[in-house]
Amino acid sequence: QAEAGQRRILLTEDNELNQEIAVEILSGAGFYTEVAENGKVAVDMLRRSKPGYYQLVLMDIQMPVMNGYEATRAIRALEDQELSSIPILAMTANAFEEDRQKALMSGMNGHIAKPIDIGVLFGALKKILA
């Protein structure tokens, strides 16, 4: 349960070990993290939430059911503009420039390569959530 004033992140990641590592890192930095195991679950969780409930989505790209690009396009297409404009950061093992461009073209706000560099992650979160 998030504490008052604590920022909530929706982590979309199908790998359990990666989920655990990310939740640990984020909670250590004062974030409350809820996990969606694929893009479809993330879209559904966001759609059911009130605007402002989540401050940011960390989105894995390669997942079963619905990948990160598809999920991002679905979020950007939501009717509620506050929900559809939530910041989304790609997290992917594909760290090439074309992957970064593809993430941005699908509507993401940024791109972080895996394995996650904590400094890079916190820099990106600080920039987006400032």
# chains A, B, ... in the order shown; residues from 1 in each chain; ligands from 1
$ select_by_dssp --residues "chain A" --states "alpha helix (DSSP H)" --output "ChimeraX atom specification"
/A:16-28,39-48,68-76,81-84,97-105,118-129
$ select_by_dssp --residues "chain A" --states "strand (DSSP E or B)" --output "PyMOL selection string"
chain A and resi 7-12+31-36+56-60+88-92+110-113
$ closest_residue --among "A:Glu82, A:Asp117, A:Asp60, A:Glu13" --to "A:Ala103" --atoms "only C-alpha atoms"
A:Asp60
$ residues_around --residues "A:Leu121" --least-positions-apart "3" --cutoff "12 Å" --atoms "only C-alpha atoms" --output "PyMOL selection string"
chain A and resi 22+25-26+29+58+89-91+110-118+124-129
$ write_last_selection --atoms "N, CA and C atoms" --output "PDB file, in the first residue's frame"
ATOM      1  N   ALA A  22      13.456  -4.731  -9.983  1.00  0.00           N
ATOM      2  CA  ALA A  22      12.942  -3.380 -10.224  1.00  0.00           C
ATOM      3  C   ALA A  22      12.150  -2.863  -9.027  1.00  0.00           C
ATOM      4  N   ILE A  25      14.628  -1.915  -6.257  1.00  0.00           N
ATOM      5  CA  ILE A  25      15.329  -0.668  -6.574  1.00  0.00           C
ATOM      6  C   ILE A  25      14.394   0.529  -6.376  1.00  0.00           C
ATOM      7  N   LEU A  26      13.178   0.421  -6.912  1.00  0.00           N
ATOM      8  CA  LEU A  26      12.238   1.542  -6.858  1.00  0.00           C
ATOM      9  C   LEU A  26      11.755   1.818  -5.438  1.00  0.00           C
ATOM     10  N   ALA A  29      14.114   3.716  -3.468  1.00  0.00           N
ATOM     11  CA  ALA A  29      14.160   5.140  -3.842  1.00  0.00           C
ATOM     12  C   ALA A  29      12.865   5.856  -3.449  1.00  0.00           C
ATOM     13  N   LEU A  58       6.665   2.014 -16.362  1.00  0.00           N
ATOM     14  CA  LEU A  58       7.915   1.430 -16.862  1.00  0.00           C
ATOM     15  C   LEU A  58       7.494   0.234 -17.698  1.00  0.00           C
ATOM     16  N   LEU A  89       8.126   4.925 -19.930  1.00  0.00           N
ATOM     17  CA  LEU A  89       9.545   4.678 -20.223  1.00  0.00           C
ATOM     18  C   LEU A  89       9.720   3.232 -20.657  1.00  0.00           C
ATOM     19  N   ALA A  90      10.323   3.033 -21.818  1.00  0.00           N
ATOM     20  CA  ALA A  90      10.628   1.683 -22.286  1.00  0.00           C
ATOM     21  C   ALA A  90      11.799   1.130 -21.482  1.00  0.00           C
ATOM     22  N   MET A  91      11.717  -0.150 -21.147  1.00  0.00           N
ATOM     23  CA  MET A  91      12.852  -0.871 -20.562  1.00  0.00           C
ATOM     24  C   MET A  91      13.086  -2.072 -21.447  1.00  0.00           C
ATOM     25  N   GLY A 110      10.640   7.873 -23.277  1.00  0.00           N
ATOM     26  CA  GLY A 110      12.063   7.626 -23.135  1.00  0.00           C
ATOM     27  C   GLY A 110      12.345   6.137 -23.195  1.00  0.00           C
ATOM     28  N   HIS A 111      13.619   5.794 -23.072  1.00  0.00           N
ATOM     29  CA  HIS A 111      14.084   4.429 -23.318  1.00  0.00           C
ATOM     30  C   HIS A 111      15.256   4.146 -22.393  1.00  0.00           C
ATOM     31  N   ILE A 112      15.173   3.061 -21.628  1.00  0.00           N
ATOM     32  CA  ILE A 112      16.255   2.647 -20.736  1.00  0.00           C
ATOM     33  C   ILE A 112      16.667   1.234 -21.125  1.00  0.00           C
ATOM     34  N   ALA A 113      17.962   1.035 -21.298  1.00  0.00           N
ATOM     35  CA  ALA A 113      18.459  -0.285 -21.684  1.00  0.00           C
ATOM     36  C   ALA A 113      18.571  -1.200 -20.466  1.00  0.00           C
ATOM     37  N   LYS A 114      18.328  -2.501 -20.686  1.00  0.00           N
ATOM     38  CA  LYS A 114      18.575  -3.525 -19.668  1.00  0.00           C
ATOM     39  C   LYS A 114      19.948  -4.124 -19.932  1.00  0.00           C
ATOM     40  N   PRO A 115      20.679  -4.621 -18.958  1.00  0.00           N
ATOM     41  CA  PRO A 115      20.302  -4.549 -17.548  1.00  0.00           C
ATOM     42  C   PRO A 115      20.227  -3.093 -17.078  1.00  0.00           C
ATOM     43  N   ILE A 116      19.306  -2.828 -16.167  1.00  0.00           N
ATOM     44  CA  ILE A 116      19.041  -1.462 -15.730  1.00  0.00           C
ATOM     45  C   ILE A 116      20.239  -0.892 -14.980  1.00  0.00           C
ATOM     46  N   ASP A 117      20.665   0.280 -15.416  1.00  0.00           N
ATOM     47  CA  ASP A 117      21.687   1.056 -14.707  1.00  0.00           C
ATOM     48  C   ASP A 117      20.899   1.970 -13.768  1.00  0.00           C
ATOM     49  N   ILE A 118      21.084   1.804 -12.466  1.00  0.00           N
ATOM     50  CA  ILE A 118      20.286   2.532 -11.482  1.00  0.00           C
ATOM     51  C   ILE A 118      20.418   4.046 -11.663  1.00  0.00           C
ATOM     52  N   ALA A 124      16.379   9.388 -15.431  1.00  0.00           N
ATOM     53  CA  ALA A 124      15.207   9.461 -16.304  1.00  0.00           C
ATOM     54  C   ALA A 124      13.940   9.741 -15.514  1.00  0.00           C
ATOM     55  N   LEU A 125      13.795   9.077 -14.365  1.00  0.00           N
ATOM     56  CA  LEU A 125      12.610   9.296 -13.523  1.00  0.00           C
ATOM     57  C   LEU A 125      12.575  10.736 -13.013  1.00  0.00           C
ATOM     58  N   LYS A 126      13.715  11.228 -12.604  1.00  0.00           N
ATOM     59  CA  LYS A 126      13.798  12.605 -12.072  1.00  0.00           C
ATOM     60  C   LYS A 126      13.411  13.611 -13.154  1.00  0.00           C
ATOM     61  N   LYS A 127      13.916  13.375 -14.375  1.00  0.00           N
ATOM     62  CA  LYS A 127      13.633  14.286 -15.479  1.00  0.00           C
ATOM     63  C   LYS A 127      12.133  14.285 -15.821  1.00  0.00           C
ATOM     64  N   ILE A 128      11.542  13.093 -15.890  1.00  0.00           N
ATOM     65  CA  ILE A 128      10.140  12.981 -16.293  1.00  0.00           C
ATOM     66  C   ILE A 128       9.189  13.403 -15.182  1.00  0.00           C
ATOM     67  N   LEU A 129       9.525  13.084 -13.936  1.00  0.00           N
ATOM     68  CA  LEU A 129       8.602  13.355 -12.830  1.00  0.00           C
ATOM     69  C   LEU A 129       8.863  14.694 -12.153  1.00  0.00           C
TER      70      LEU A 129
END
$ residues_around --residues "A:Lys102" --least-positions-apart "3" --cutoff "12 Å" --atoms "only C-alpha atoms" --output "mmCIF file with N, CA, C and O atoms, in the first residue's frame"
data_model
loop_
_atom_site.group_PDB
_atom_site.id
_atom_site.type_symbol
_atom_site.label_atom_id
_atom_site.label_comp_id
_atom_site.auth_asym_id
_atom_site.auth_seq_id
_atom_site.Cartn_x
_atom_site.Cartn_y
_atom_site.Cartn_z
ATOM 1 N N ILE A 61 9.473 -4.272 -23.343
ATOM 2 C CA ILE A 61 9.038 -4.332 -24.742
ATOM 3 C C ILE A 61 8.603 -5.735 -25.130
ATOM 4 O O ILE A 61 7.503 -5.941 -25.617
ATOM 5 N N GLY A 68 5.239 -4.207 -25.448
ATOM 6 C CA GLY A 68 5.297 -2.839 -24.942
ATOM 7 C C GLY A 68 4.868 -1.778 -25.942
ATOM 8 O O GLY A 68 4.245 -0.783 -25.576
ATOM 9 N N TYR A 69 5.199 -1.980 -27.213
ATOM 10 C CA TYR A 69 4.803 -1.000 -28.241
ATOM 11 C C TYR A 69 3.285 -0.990 -28.392
ATOM 12 O O TYR A 69 2.660 0.069 -28.444
ATOM 13 N N GLU A 70 2.679 -2.183 -28.452
ATOM 14 C CA GLU A 70 1.217 -2.293 -28.601
ATOM 15 C C GLU A 70 0.513 -1.700 -27.380
ATOM 16 O O GLU A 70 -0.481 -0.977 -27.518
ATOM 17 N N THR A 72 1.657 0.572 -25.331
ATOM 18 C CA THR A 72 1.814 2.030 -25.323
ATOM 19 C C THR A 72 0.831 2.678 -26.286
ATOM 20 O O THR A 72 0.178 3.677 -25.940
ATOM 21 N N ARG A 73 0.693 2.108 -27.479
ATOM 22 C CA ARG A 73 -0.279 2.671 -28.439
ATOM 23 C C ARG A 73 -1.701 2.594 -27.878
ATOM 24 O O ARG A 73 -2.489 3.528 -28.045
ATOM 25 N N ALA A 90 10.323 3.033 -21.818
ATOM 26 C CA ALA A 90 10.628 1.683 -22.286
ATOM 27 C C ALA A 90 11.799 1.130 -21.482
ATOM 28 O O ALA A 90 12.745 1.850 -21.188
ATOM 29 N N THR A 92 14.228 -2.112 -22.091
ATOM 30 C CA THR A 92 14.437 -3.198 -23.040
ATOM 31 C C THR A 92 15.895 -3.590 -23.161
ATOM 32 O O THR A 92 16.779 -2.758 -22.993
ATOM 33 N N ASN A 94 17.030 -4.402 -25.906
ATOM 34 C CA ASN A 94 17.400 -3.881 -27.230
ATOM 35 C C ASN A 94 17.804 -2.418 -27.091
ATOM 36 O O ASN A 94 16.952 -1.551 -27.001
ATOM 37 N N ALA A 95 19.103 -2.196 -27.068
ATOM 38 C CA ALA A 95 19.599 -0.860 -26.743
ATOM 39 C C ALA A 95 20.090 -0.086 -27.967
ATOM 40 O O ALA A 95 20.773 0.905 -27.838
ATOM 41 N N PHE A 96 19.740 -0.538 -29.154
ATOM 42 C CA PHE A 96 20.200 0.146 -30.353
ATOM 43 C C PHE A 96 19.389 1.413 -30.609
ATOM 44 O O PHE A 96 18.255 1.537 -30.142
ATOM 45 N N GLU A 97 19.957 2.322 -31.360
ATOM 46 C CA GLU A 97 19.280 3.587 -31.670
ATOM 47 C C GLU A 97 17.926 3.339 -32.340
ATOM 48 O O GLU A 97 16.948 4.022 -32.043
ATOM 49 N N GLU A 98 17.848 2.334 -33.221
ATOM 50 C CA GLU A 98 16.570 2.062 -33.901
ATOM 51 C C GLU A 98 15.504 1.615 -32.899
ATOM 52 O O GLU A 98 14.320 1.919 -33.066
ATOM 53 N N ASP A 99 15.915 0.927 -31.816
ATOM 54 C CA ASP A 99 14.965 0.519 -30.783
ATOM 55 C C ASP A 99 14.471 1.736 -30.010
ATOM 56 O O ASP A 99 13.298 1.849 -29.681
ATOM 57 N N MET A 105 8.571 6.493 -31.271
ATOM 58 C CA MET A 105 7.531 6.547 -32.294
ATOM 59 C C MET A 105 6.229 5.892 -31.819
ATOM 60 O O MET A 105 5.152 6.281 -32.262
ATOM 61 N N SER A 106 6.316 4.927 -30.920
ATOM 62 C CA SER A 106 5.095 4.278 -30.426
ATOM 63 C C SER A 106 4.412 5.138 -29.362
ATOM 64 O O SER A 106 3.317 4.815 -28.917
ATOM 65 N N GLY A 107 5.070 6.229 -28.950
ATOM 66 C CA GLY A 107 4.457 7.145 -27.990
ATOM 67 C C GLY A 107 5.108 7.152 -26.622
ATOM 68 O O GLY A 107 4.604 7.767 -25.691
ATOM 69 N N MET A 108 6.246 6.471 -26.490
ATOM 70 C CA MET A 108 6.939 6.452 -25.197
ATOM 71 C C MET A 108 7.715 7.752 -25.006
ATOM 72 O O MET A 108 8.075 8.429 -25.959
ATOM 73 N N ASN A 109 7.985 8.071 -23.733
ATOM 74 C CA ASN A 109 8.692 9.307 -23.396
ATOM 75 C C ASN A 109 10.197 9.120 -23.286
ATOM 76 O O ASN A 109 10.933 10.088 -23.190
ATOM 77 N N GLY A 110 10.640 7.873 -23.277
ATOM 78 C CA GLY A 110 12.063 7.626 -23.135
ATOM 79 C C GLY A 110 12.345 6.137 -23.195
ATOM 80 O O GLY A 110 11.437 5.324 -23.339
ATOM 81 N N HIS A 111 13.619 5.794 -23.072
ATOM 82 C CA HIS A 111 14.084 4.429 -23.318
ATOM 83 C C HIS A 111 15.256 4.146 -22.393
ATOM 84 O O HIS A 111 16.205 4.917 -22.341
#
$ residues_around --residues "A:Gly30" --least-positions-apart "2" --cutoff "8 Å" --atoms "only C-alpha atoms" --output "ChimeraX atom specification"
/A:6-7,26-28,32
$ write_last_selection --atoms "N, CA and C atoms" --output "short mmCIF file (atom, residue, chain, number, x, y, z; two decimals), in the first residue's frame"
data_model
loop_
_atom_site.label_atom_id
_atom_site.label_comp_id
_atom_site.auth_asym_id
_atom_site.auth_seq_id
_atom_site.Cartn_x
_atom_site.Cartn_y
_atom_site.Cartn_z
N GLN A 6 3.66 9.27 -1.52
CA GLN A 6 4.57 8.35 -2.22
C GLN A 6 4.13 8.22 -3.67
N ARG A 7 5.08 8.29 -4.58
CA ARG A 7 4.74 8.19 -5.99
C ARG A 7 4.61 6.74 -6.42
N LEU A 26 13.18 0.42 -6.91
CA LEU A 26 12.24 1.54 -6.86
C LEU A 26 11.76 1.82 -5.44
N SER A 27 11.49 0.75 -4.67
CA SER A 27 11.03 0.98 -3.29
C SER A 27 12.15 1.60 -2.46
N GLY A 28 13.39 1.20 -2.74
CA GLY A 28 14.53 1.80 -2.05
C GLY A 28 14.66 3.28 -2.33
N TYR A 32 6.38 3.51 -4.77
CA TYR A 32 5.52 2.34 -4.59
C TYR A 32 5.27 1.77 -5.98
#
$ closest_residue --among "A:Arg100, A:Pro64, A:Ile88, A:Leu10" --to "A:Asn38" --atoms "only C-alpha atoms"
A:Pro64
$ closest_residue --among "A:Leu104, A:Ile9, A:Ala130, A:Ile75" --to "A:Val57" --atoms "only C-alpha atoms"
A:Ile9
$ residues_around --residues "A:Asp14" --least-positions-apart "3" --cutoff "9 Å" --atoms "only C-alpha atoms" --output "list in words"
Asn18, Gln19, Ala36, Glu37, Asn38, Gly39, Asp60, Gln62, Met63 and Pro64 of chain A
$ write_last_selection --atoms "C-alpha atoms" --output "PDB file, in the first residue's frame"
ATOM      1  CA  ASN A  18      13.319  -8.561 -13.264  1.00  0.00           C
ATOM      2  CA  GLN A  19      10.085  -7.631 -11.456  1.00  0.00           C
ATOM      3  CA  ALA A  36       1.562  -5.931 -14.576  1.00  0.00           C
ATOM      4  CA  GLU A  37       2.875  -9.141 -16.143  1.00  0.00           C
ATOM      5  CA  ASN A  38       2.149  -8.074 -19.731  1.00  0.00           C
ATOM      6  CA  GLY A  39       1.007  -5.102 -21.787  1.00  0.00           C
ATOM      7  CA  ASP A  60       9.155  -3.815 -20.964  1.00  0.00           C
ATOM      8  CA  GLN A  62       9.168  -8.069 -25.359  1.00  0.00           C
ATOM      9  CA  MET A  63       6.256  -9.676 -23.502  1.00  0.00           C
ATOM     10  CA  PRO A  64       3.619 -12.293 -24.268  1.00  0.00           C
TER      11      PRO A  64
END
$ closest_residue --among "A:Ala71, A:Ile86, A:Val35, A:Met66" --to "A:Gly52" --atoms "only C-alpha atoms"
A:Ile86
$ closest_residue --among "A:Leu83, A:Ala93, A:Leu11, A:Leu56" --to "A:Val41" --atoms "only C-alpha atoms"
A:Leu11
